[in-house]
Amino acid sequence: MTRPDRVALADEWIIEARVPSFVSRLGQLGAYRDMIRYTAVRALEKMYSRTVLGRLWLFIRPFFEVVVGTVIFGNIIGVQSENIPYFLFFLIGMTIWNLFGGSLMWITRSLEMNHGVLKNAYFPRVILPLGNAAPAWTNFGICVVVIVLTSVYYYAAEQRMYLVAGLRTLAAIAAVALTALLALAVGLWTSVLGVNARDVRFALGYATQFWFYLTPVIYPVSVIPERWRWLAKANPMAPLVETFKWGMLGVGHLDWASLSVSVATIVVVLGAGCWFFNRSDPAAFDRI
Amino acid sequence: MVQPAGVESSRVGSTGVDHSVHVRNLTKCYRVGYRKPKFVPRVGVTVLRGCGLLRAAHETKDIWALRDVSFTVKRGSILGIIGPAGAGKTTLLRILARITLPTAGHVRGRGRVLPLLGVENSLNTDRSGRDNIMLCAALSGIPRDRIRHCEGDIVDFAGIGDVIDMPLKRYSSEMRLRLAFSVVMHGQPDILLADEMLALVDEGFRERAVERLLQAGKSGMTTLIVSRDIPTIARMCDEVLWLNAGEMVSCGDAATVVNEYQRGRPDVAGTRNGGLPRGLLA
């Protein structure tokens with residue numbers, strides 16, 4: 001079929017009762033990429049809006065967390081840390097965990113926080129979970145800088161470099177990417193469910209805390225008794241934390257078996273999450 | 001699936017007199033209330049609810065915001081949408097802007113659709129008006145390159161002078177609306193969806209806005225505008241769509257429909273309970 005107005009025809013669109021496919025919406029992300037940035041900026045500003053110390057909180061919060069954690073778990077309880085200073089061990093564990101926990105929390109709140117925008121502008125809704133994870137990433141970046149500074153300090157004080165570099169760093173980066181995907185995978189579910197029931201947000205707080213203690217963040221996998229090891233193998237977050245520690249510090253080992261279980265879990269939950277998020281779109285957002 | 005309507009519109013399109021928006025049997029039903037939890041035994045739910053431990057479930061209710069609405073808007077024309085509160089005017093524009101999905105029916109159209117449906121309320125109030133121009137463009141779906149070079153024009157047309165560099169929270173709601181209108185118009189829409197803006201701005205700006213819409217219409221922009229400002233609608237629109245309780249009462253030549261509307265057709269006014277959607281009263 002030849003038409004003189006081929007260009008105009010390309011602009012033709014149709015709106016139907018059925019939900020557009022997730023893939024077609026992903027295709028629009030390029031055109032709306034500015035929105036990702038704006039969502040991210042908004043989330044960051046919300047993090048320290050109406051505070052006196054402002055951006056300083058970005059540094060204060062992780063600092064307190066790590067110092068208090070080190071004193072309690074490292075000094076008082078005396079958790080072993082495979083010959084690494086507990087401060088560094090704990091800092092590295094918390095860095096990767098907070099990327100997960102923080103992203104999950106911000107992603108879960110993404111729809112509810114931006115409900116005004118949902119009512120009067122169109123853009124692929126998946127932008128909100130993507131952009132809203134920005135505070136968690138900022139926190140992660142700050143922690144990585146602190147990790148480097150800390151190991152420089154230990155190098156100066158003890159003439160020993162704890163951080164390892166090289167091919168292992170790639171494993172650490174892969175662990176970071178998988179962690180972000182896992183948070184997104186769970187967050188796609190919780191964000192939609194949280195629109196209709198705030199219970200989700202409350203429950204998630206407790207669930208994440210429980211999950212945190214099940215994951216070898218504050219202790220190495222090696223201290224888990226044999227009969228409870230399966231718990232660490234089934235937990236998709238455990239091998240990611242272990243891999244990150246392995247990649248950064250060279251302690252522990254890569255457990256390919258549990259890593260593949262983790263990747264498989266992420267693929268399934270993320271795939272189903274995309275479907276669920278897309279399918280729920282009109283139902284959830286008409287109610288918001 | 002090729003709808004007969006679409007085939008017709010493309011055929012007309014190739015001869016130059018194309019239709020810009022083609023709405024067929026558009027229906028939208030909002031479901032309110034919460035369904036009973038499916039997986040919990042009925043007795044358990046009753047007991048929990050009796051103790052006040054579970055949120056009481058209202059029976060779900062369907063509100064038909066739009067029912068079987070069909071109309072066509074010609075390229076370059078202005079369609080006014082009028083009707084009492086709860087008639088489905090905003091819902092119609094929201095569907096066209098893809099903010100919500102229709103329950104049934106479809107819309108075909110051609111060209112870039114830019115909505116002006118309260119985007120001014122979603123801007124960043126801590127930043128200046130100037131900083132918000134880009135955000136407003138992003139929210140409306142206007143590519144960055146299209147706006148970047150005409151920041152000066154946008155500020156001029158909005159006519160808010162030096163205020164542009166003050167944080168948005170110091171703006172009146174009218175100033176925000178002016179800024180948003182200016183941004184969207186500079187995004188060069190093929191189809192503009194405007195919700196109740198005429199009644200919210202002062203007379204001077206309204207005249208400039210109307211003039212701008214008429215001028216843009218001559219160069220091919222189609223406008224769908226909702227308003228309660230009936231005299232202005234009668235003056236500027238080519239056609240008017242009258243909605244009542246989600247149903248189309250009449251659609252056609254502006255003067256005729258506005259006339260009918262102002263006389264208030266007794267058969268409509270009498271049966272529709274003062275214009276509230278039927279679902280609300282059911």
# chains A, B, ... in the order shown; residues from 1 in each chain; ligands from 1

$ interface_residues --of "chain B" --to "chain A" --cutoff "8 Å" --atoms "only C-alpha atoms" --output "count of residues only"
34

$ residues_around --residues "segment 163-165 of chain B" --least-positions-apart "2" --cutoff "12 Å" --atoms "only C-alpha atoms" --output "list in words"
Asp126, Arg127, Ser128, Gly129, Arg130, Asp131, Asn132, Ile133, Glu151, Gly152, Ile154, Val155, Asp156, Phe157, Ala158, Gly159, Ile160, Gly161, Pro167, Leu168, Lys169, Arg170, Tyr171, Ser172, Met175, Arg176, Arg178 and Leu179 of chain B

$ select_by_dssp --residues "segment 45-200 of chain A" --states "alpha helix (DSSP H)" --output "compact mmCIF listing (two decimals) with N, CA and C atoms, in the first residue's frame"
# COMPACT_ATOMS: atom_id res chain seq x y z
N GLU A 45 15.43 15.01 46.87
CA GLU A 45 15.09 16.22 47.61
C GLU A 45 14.15 15.89 48.76
N LYS A 46 13.27 14.92 48.52
CA LYS A 46 12.33 14.54 49.57
C LYS A 46 13.08 13.94 50.76
N MET A 47 14.20 13.29 50.47
CA MET A 47 14.94 12.59 51.52
C MET A 47 15.37 13.56 52.63
N TRP A 57 22.87 14.86 56.01
CA TRP A 57 22.24 13.61 56.44
C TRP A 57 22.67 12.44 55.57
N LEU A 58 23.00 12.74 54.33
CA LEU A 58 23.46 11.68 53.43
C LEU A 58 24.67 10.98 54.03
N PHE A 59 25.50 11.75 54.78
CA PHE A 59 26.71 11.17 55.35
C PHE A 59 26.49 10.71 56.78
N ILE A 60 25.65 11.47 57.51
CA ILE A 60 25.48 11.17 58.93
C ILE A 60 24.84 9.80 59.13
N ARG A 61 23.80 9.52 58.33
CA ARG A 61 23.04 8.29 58.55
C ARG A 61 23.88 7.03 58.43
N PRO A 62 24.58 6.84 57.29
CA PRO A 62 25.40 5.63 57.20
C PRO A 62 26.51 5.60 58.24
N PHE A 63 27.04 6.77 58.59
CA PHE A 63 28.12 6.83 59.55
C PHE A 63 27.69 6.25 60.91
N PHE A 64 26.55 6.72 61.40
CA PHE A 64 26.05 6.23 62.67
C PHE A 64 25.78 4.74 62.63
N GLU A 65 25.15 4.34 61.52
CA GLU A 65 24.79 2.94 61.38
C GLU A 65 26.02 2.05 61.51
N VAL A 66 27.08 2.42 60.80
CA VAL A 66 28.28 1.59 60.77
C VAL A 66 29.02 1.65 62.11
N VAL A 67 29.10 2.84 62.69
CA VAL A 67 29.82 2.96 63.95
C VAL A 67 29.11 2.16 65.04
N VAL A 68 27.79 2.34 65.15
CA VAL A 68 27.04 1.62 66.16
C VAL A 68 27.12 0.12 65.93
N GLY A 69 26.97 -0.30 64.67
CA GLY A 69 27.04 -1.72 64.32
C GLY A 69 28.38 -2.32 64.68
N TYR A 86 36.71 -5.51 61.73
CA TYR A 86 35.25 -5.65 61.68
C TYR A 86 34.58 -4.43 61.07
N PHE A 87 35.18 -3.25 61.31
CA PHE A 87 34.60 -2.03 60.76
C PHE A 87 34.45 -2.14 59.25
N LEU A 88 35.52 -2.59 58.58
CA LEU A 88 35.50 -2.69 57.13
C LEU A 88 34.55 -3.80 56.67
N PHE A 89 34.61 -4.92 57.39
CA PHE A 89 33.75 -6.06 57.08
C PHE A 89 32.27 -5.66 57.13
N PHE A 90 31.93 -4.98 58.22
CA PHE A 90 30.55 -4.56 58.43
C PHE A 90 30.14 -3.51 57.41
N LEU A 91 31.04 -2.55 57.16
CA LEU A 91 30.76 -1.48 56.21
C LEU A 91 30.45 -2.05 54.83
N ILE A 92 31.25 -3.04 54.41
CA ILE A 92 31.03 -3.61 53.08
C ILE A 92 29.72 -4.39 53.02
N GLY A 93 29.44 -5.12 54.07
CA GLY A 93 28.17 -5.85 54.12
C GLY A 93 26.99 -4.90 54.09
N MET A 94 27.06 -3.82 54.88
CA MET A 94 25.94 -2.88 54.95
C MET A 94 25.78 -2.13 53.63
N THR A 95 26.88 -1.87 52.95
CA THR A 95 26.81 -1.13 51.69
C THR A 95 25.93 -1.87 50.70
N ILE A 96 26.17 -3.16 50.55
CA ILE A 96 25.39 -3.91 49.58
C ILE A 96 23.99 -4.17 50.11
N TRP A 97 23.88 -4.41 51.42
CA TRP A 97 22.53 -4.66 51.95
C TRP A 97 21.65 -3.41 51.83
N ASN A 98 22.22 -2.26 52.18
CA ASN A 98 21.42 -1.03 52.11
C ASN A 98 21.02 -0.68 50.70
N LEU A 99 21.84 -1.08 49.74
CA LEU A 99 21.42 -0.86 48.36
C LEU A 99 20.13 -1.64 48.11
N PHE A 100 20.07 -2.85 48.65
CA PHE A 100 18.86 -3.65 48.47
C PHE A 100 17.70 -3.10 49.31
N GLY A 101 17.93 -2.99 50.62
CA GLY A 101 16.85 -2.57 51.51
C GLY A 101 16.35 -1.17 51.18
N GLY A 102 17.29 -0.25 50.91
CA GLY A 102 16.93 1.12 50.58
C GLY A 102 16.16 1.20 49.28
N SER A 103 16.68 0.53 48.24
CA SER A 103 15.97 0.55 46.95
C SER A 103 14.58 -0.01 47.11
N LEU A 104 14.48 -1.12 47.83
CA LEU A 104 13.18 -1.77 47.97
C LEU A 104 12.19 -0.82 48.65
N MET A 105 12.65 -0.13 49.68
CA MET A 105 11.76 0.78 50.38
C MET A 105 11.33 1.94 49.47
N TRP A 106 12.30 2.52 48.77
CA TRP A 106 11.96 3.67 47.91
C TRP A 106 11.12 3.24 46.72
N ILE A 107 11.40 2.06 46.18
CA ILE A 107 10.62 1.59 45.03
C ILE A 107 9.18 1.31 45.48
N THR A 108 9.04 0.71 46.65
CA THR A 108 7.70 0.41 47.15
C THR A 108 6.88 1.68 47.30
N ARG A 109 7.54 2.75 47.73
CA ARG A 109 6.79 3.99 47.93
C ARG A 109 6.65 4.83 46.66
N SER A 110 7.26 4.37 45.57
CA SER A 110 7.34 5.24 44.39
C SER A 110 5.98 5.67 43.85
N LEU A 111 5.03 4.76 43.78
CA LEU A 111 3.74 5.12 43.20
C LEU A 111 2.96 6.04 44.13
N GLU A 112 3.00 5.69 45.40
CA GLU A 112 2.23 6.44 46.38
C GLU A 112 2.81 7.85 46.54
N MET A 113 4.14 7.97 46.50
CA MET A 113 4.76 9.28 46.66
C MET A 113 4.45 10.21 45.49
N HIS A 115 1.65 10.18 43.56
CA HIS A 115 0.28 9.96 43.10
C HIS A 115 -0.28 11.16 42.35
N GLY A 116 0.18 12.36 42.71
CA GLY A 116 -0.31 13.55 42.02
C GLY A 116 0.04 13.51 40.53
N VAL A 117 1.27 13.15 40.26
CA VAL A 117 1.73 13.11 38.86
C VAL A 117 0.97 12.04 38.08
N LEU A 118 0.66 10.94 38.76
CA LEU A 118 -0.02 9.85 38.06
C LEU A 118 -1.38 10.29 37.55
N LYS A 119 -1.97 11.27 38.25
CA LYS A 119 -3.31 11.68 37.87
C LYS A 119 -3.33 12.66 36.73
N ASN A 120 -2.25 13.43 36.55
CA ASN A 120 -2.36 14.42 35.50
C ASN A 120 -1.25 14.42 34.45
N ILE A 127 8.79 4.16 35.09
CA ILE A 127 9.77 5.21 35.38
C ILE A 127 9.83 5.51 36.87
N LEU A 128 8.69 5.47 37.53
CA LEU A 128 8.68 5.84 38.95
C LEU A 128 9.52 4.88 39.80
N PRO A 129 9.32 3.56 39.70
CA PRO A 129 10.21 2.67 40.46
C PRO A 129 11.68 2.83 40.07
N LEU A 130 11.94 3.04 38.79
CA LEU A 130 13.34 3.17 38.36
C LEU A 130 13.99 4.42 38.95
N GLY A 131 13.28 5.54 38.84
CA GLY A 131 13.86 6.80 39.28
C GLY A 131 13.90 6.94 40.79
N ASN A 132 12.90 6.36 41.45
CA ASN A 132 12.79 6.55 42.89
C ASN A 132 13.88 5.82 43.68
N ALA A 134 16.87 6.30 43.37
CA ALA A 134 18.06 7.17 43.40
C ALA A 134 18.66 7.38 44.79
N PRO A 135 17.86 7.61 45.83
CA PRO A 135 18.48 7.82 47.15
C PRO A 135 19.33 6.62 47.58
N ALA A 136 18.86 5.41 47.28
CA ALA A 136 19.61 4.22 47.66
C ALA A 136 20.94 4.17 46.91
N TRP A 137 20.92 4.57 45.64
CA TRP A 137 22.16 4.58 44.86
C TRP A 137 23.13 5.64 45.37
N THR A 138 22.58 6.80 45.75
CA THR A 138 23.44 7.85 46.30
C THR A 138 24.14 7.36 47.55
N ASN A 139 23.34 6.72 48.41
CA ASN A 139 23.87 6.15 49.63
C ASN A 139 24.97 5.13 49.32
N PHE A 140 24.72 4.33 48.31
CA PHE A 140 25.68 3.31 47.91
C PHE A 140 26.99 3.97 47.46
N GLY A 141 26.86 5.02 46.65
CA GLY A 141 28.06 5.70 46.15
C GLY A 141 28.89 6.27 47.30
N ILE A 142 28.19 6.89 48.25
CA ILE A 142 28.89 7.47 49.39
C ILE A 142 29.62 6.37 50.17
N CYS A 143 28.92 5.23 50.36
CA CYS A 143 29.54 4.13 51.12
C CYS A 143 30.78 3.59 50.41
N VAL A 144 30.73 3.52 49.07
CA VAL A 144 31.89 3.01 48.34
C VAL A 144 33.09 3.94 48.57
N VAL A 145 32.82 5.26 48.54
CA VAL A 145 33.89 6.21 48.80
C VAL A 145 34.47 5.99 50.20
N VAL A 146 33.57 5.80 51.18
CA VAL A 146 34.03 5.59 52.55
C VAL A 146 34.84 4.29 52.64
N ILE A 147 34.42 3.26 51.91
CA ILE A 147 35.17 1.99 51.92
C ILE A 147 36.61 2.23 51.44
N VAL A 148 36.73 2.97 50.36
CA VAL A 148 38.06 3.23 49.81
C VAL A 148 38.90 4.03 50.80
N LEU A 149 38.30 5.07 51.38
CA LEU A 149 39.03 5.90 52.35
C LEU A 149 39.47 5.07 53.55
N THR A 150 38.55 4.19 54.02
CA THR A 150 38.89 3.36 55.18
C THR A 150 40.06 2.44 54.88
N SER A 151 40.04 1.83 53.68
CA SER A 151 41.14 0.90 53.41
C SER A 151 42.45 1.64 53.19
N VAL A 152 42.37 2.88 52.70
CA VAL A 152 43.59 3.68 52.61
C VAL A 152 44.13 3.94 54.01
N TYR A 153 43.21 4.20 54.94
CA TYR A 153 43.61 4.43 56.33
C TYR A 153 44.31 3.19 56.88
N TYR A 154 43.70 2.01 56.67
CA TYR A 154 44.31 0.78 57.18
C TYR A 154 45.66 0.52 56.52
N TYR A 155 45.77 0.91 55.27
CA TYR A 155 47.04 0.74 54.57
C TYR A 155 48.12 1.59 55.23
N ALA A 156 47.73 2.81 55.57
CA ALA A 156 48.68 3.71 56.19
C ALA A 156 49.02 3.24 57.60
N ALA A 157 48.02 2.74 58.33
CA ALA A 157 48.24 2.37 59.72
C ALA A 157 48.89 1.00 59.88
N GLU A 158 48.45 0.03 59.05
CA GLU A 158 48.92 -1.35 59.25
C GLU A 158 49.77 -1.87 58.09
N LEU A 167 40.08 -8.92 38.43
CA LEU A 167 38.90 -9.59 37.88
C LEU A 167 37.80 -9.74 38.93
N ARG A 168 38.22 -9.86 40.20
CA ARG A 168 37.24 -10.03 41.26
C ARG A 168 36.30 -8.82 41.35
N THR A 169 36.81 -7.66 40.99
CA THR A 169 35.99 -6.46 41.04
C THR A 169 34.76 -6.62 40.13
N LEU A 170 34.97 -7.32 39.01
CA LEU A 170 33.84 -7.56 38.10
C LEU A 170 32.76 -8.35 38.82
N ALA A 171 33.18 -9.33 39.64
CA ALA A 171 32.20 -10.12 40.39
C ALA A 171 31.42 -9.21 41.34
N ALA A 172 32.15 -8.27 41.97
CA ALA A 172 31.48 -7.34 42.89
C ALA A 172 30.47 -6.48 42.14
N ILE A 173 30.86 -6.01 40.94
CA ILE A 173 29.95 -5.17 40.15
C ILE A 173 28.72 -5.98 39.74
N ALA A 174 28.95 -7.23 39.35
CA ALA A 174 27.82 -8.09 38.98
C ALA A 174 26.89 -8.28 40.17
N ALA A 175 27.46 -8.44 41.36
CA ALA A 175 26.64 -8.62 42.56
C ALA A 175 25.78 -7.37 42.80
N VAL A 176 26.39 -6.19 42.55
CA VAL A 176 25.64 -4.94 42.73
C VAL A 176 24.47 -4.87 41.75
N ALA A 177 24.74 -5.23 40.49
CA ALA A 177 23.69 -5.18 39.48
C ALA A 177 22.56 -6.14 39.84
N LEU A 178 22.92 -7.35 40.27
CA LEU A 178 21.90 -8.34 40.61
C LEU A 178 21.09 -7.89 41.83
N THR A 179 21.77 -7.24 42.78
CA THR A 179 21.07 -6.74 43.96
C THR A 179 20.01 -5.70 43.56
N ALA A 180 20.42 -4.80 42.66
CA ALA A 180 19.48 -3.77 42.21
C ALA A 180 18.29 -4.43 41.50
N LEU A 181 18.57 -5.45 40.70
CA LEU A 181 17.48 -6.13 39.98
C LEU A 181 16.55 -6.86 40.95
N LEU A 182 17.13 -7.45 41.99
CA LEU A 182 16.29 -8.15 42.97
C LEU A 182 15.37 -7.15 43.67
N ALA A 183 15.93 -5.99 44.03
CA ALA A 183 15.11 -4.97 44.69
C ALA A 183 13.99 -4.52 43.76
N LEU A 184 14.33 -4.35 42.47
CA LEU A 184 13.31 -3.93 41.51
C LEU A 184 12.25 -5.01 41.36
N ALA A 185 12.72 -6.28 41.32
CA ALA A 185 11.80 -7.40 41.13
C ALA A 185 10.76 -7.45 42.24
N VAL A 186 11.23 -7.34 43.49
CA VAL A 186 10.30 -7.37 44.62
C VAL A 186 9.48 -6.08 44.64
N GLY A 187 10.15 -4.96 44.34
CA GLY A 187 9.50 -3.65 44.42
C GLY A 187 8.37 -3.48 43.42
N LEU A 188 8.47 -4.11 42.26
CA LEU A 188 7.39 -3.99 41.28
C LEU A 188 6.09 -4.56 41.87
N TRP A 189 6.23 -5.61 42.67
CA TRP A 189 5.05 -6.18 43.34
C TRP A 189 4.58 -5.29 44.47
N THR A 190 5.51 -4.95 45.36
CA THR A 190 5.09 -4.23 46.57
C THR A 190 4.58 -2.83 46.26
N SER A 191 5.12 -2.19 45.21
CA SER A 191 4.67 -0.83 44.93
C SER A 191 3.20 -0.84 44.52
N VAL A 192 2.82 -1.80 43.67
CA VAL A 192 1.42 -1.86 43.22
C VAL A 192 0.51 -2.26 44.38
N LEU A 193 0.93 -3.28 45.13
CA LEU A 193 0.10 -3.73 46.25
C LEU A 193 -0.03 -2.63 47.30
N GLY A 194 1.04 -1.84 47.45
CA GLY A 194 1.03 -0.77 48.45
C GLY A 194 0.09 0.37 48.11
N VAL A 195 -0.31 0.47 46.85
CA VAL A 195 -1.23 1.54 46.47
C VAL A 195 -2.58 1.33 47.14
N ASN A 196 -3.05 0.10 47.15
CA ASN A 196 -4.37 -0.18 47.70
C ASN A 196 -4.34 -0.44 49.20
N ASP A 199 -0.77 -1.37 54.40
CA ASP A 199 -0.27 -2.49 55.21
C ASP A 199 1.02 -3.03 54.62
N VAL A 200 1.10 -2.98 53.28
CA VAL A 200 2.27 -3.54 52.61
C VAL A 200 3.53 -2.86 53.09

$ residues_around --residues "segment 210-227 of chain B" --least-positions-apart "2" --cutoff "9 Å" --atoms "only C-alpha atoms" --output "PyMOL selection string"
chain B and resi 20-21+73-83+89-90+93+185+188-199+205-208+229-230+232-233+236-237
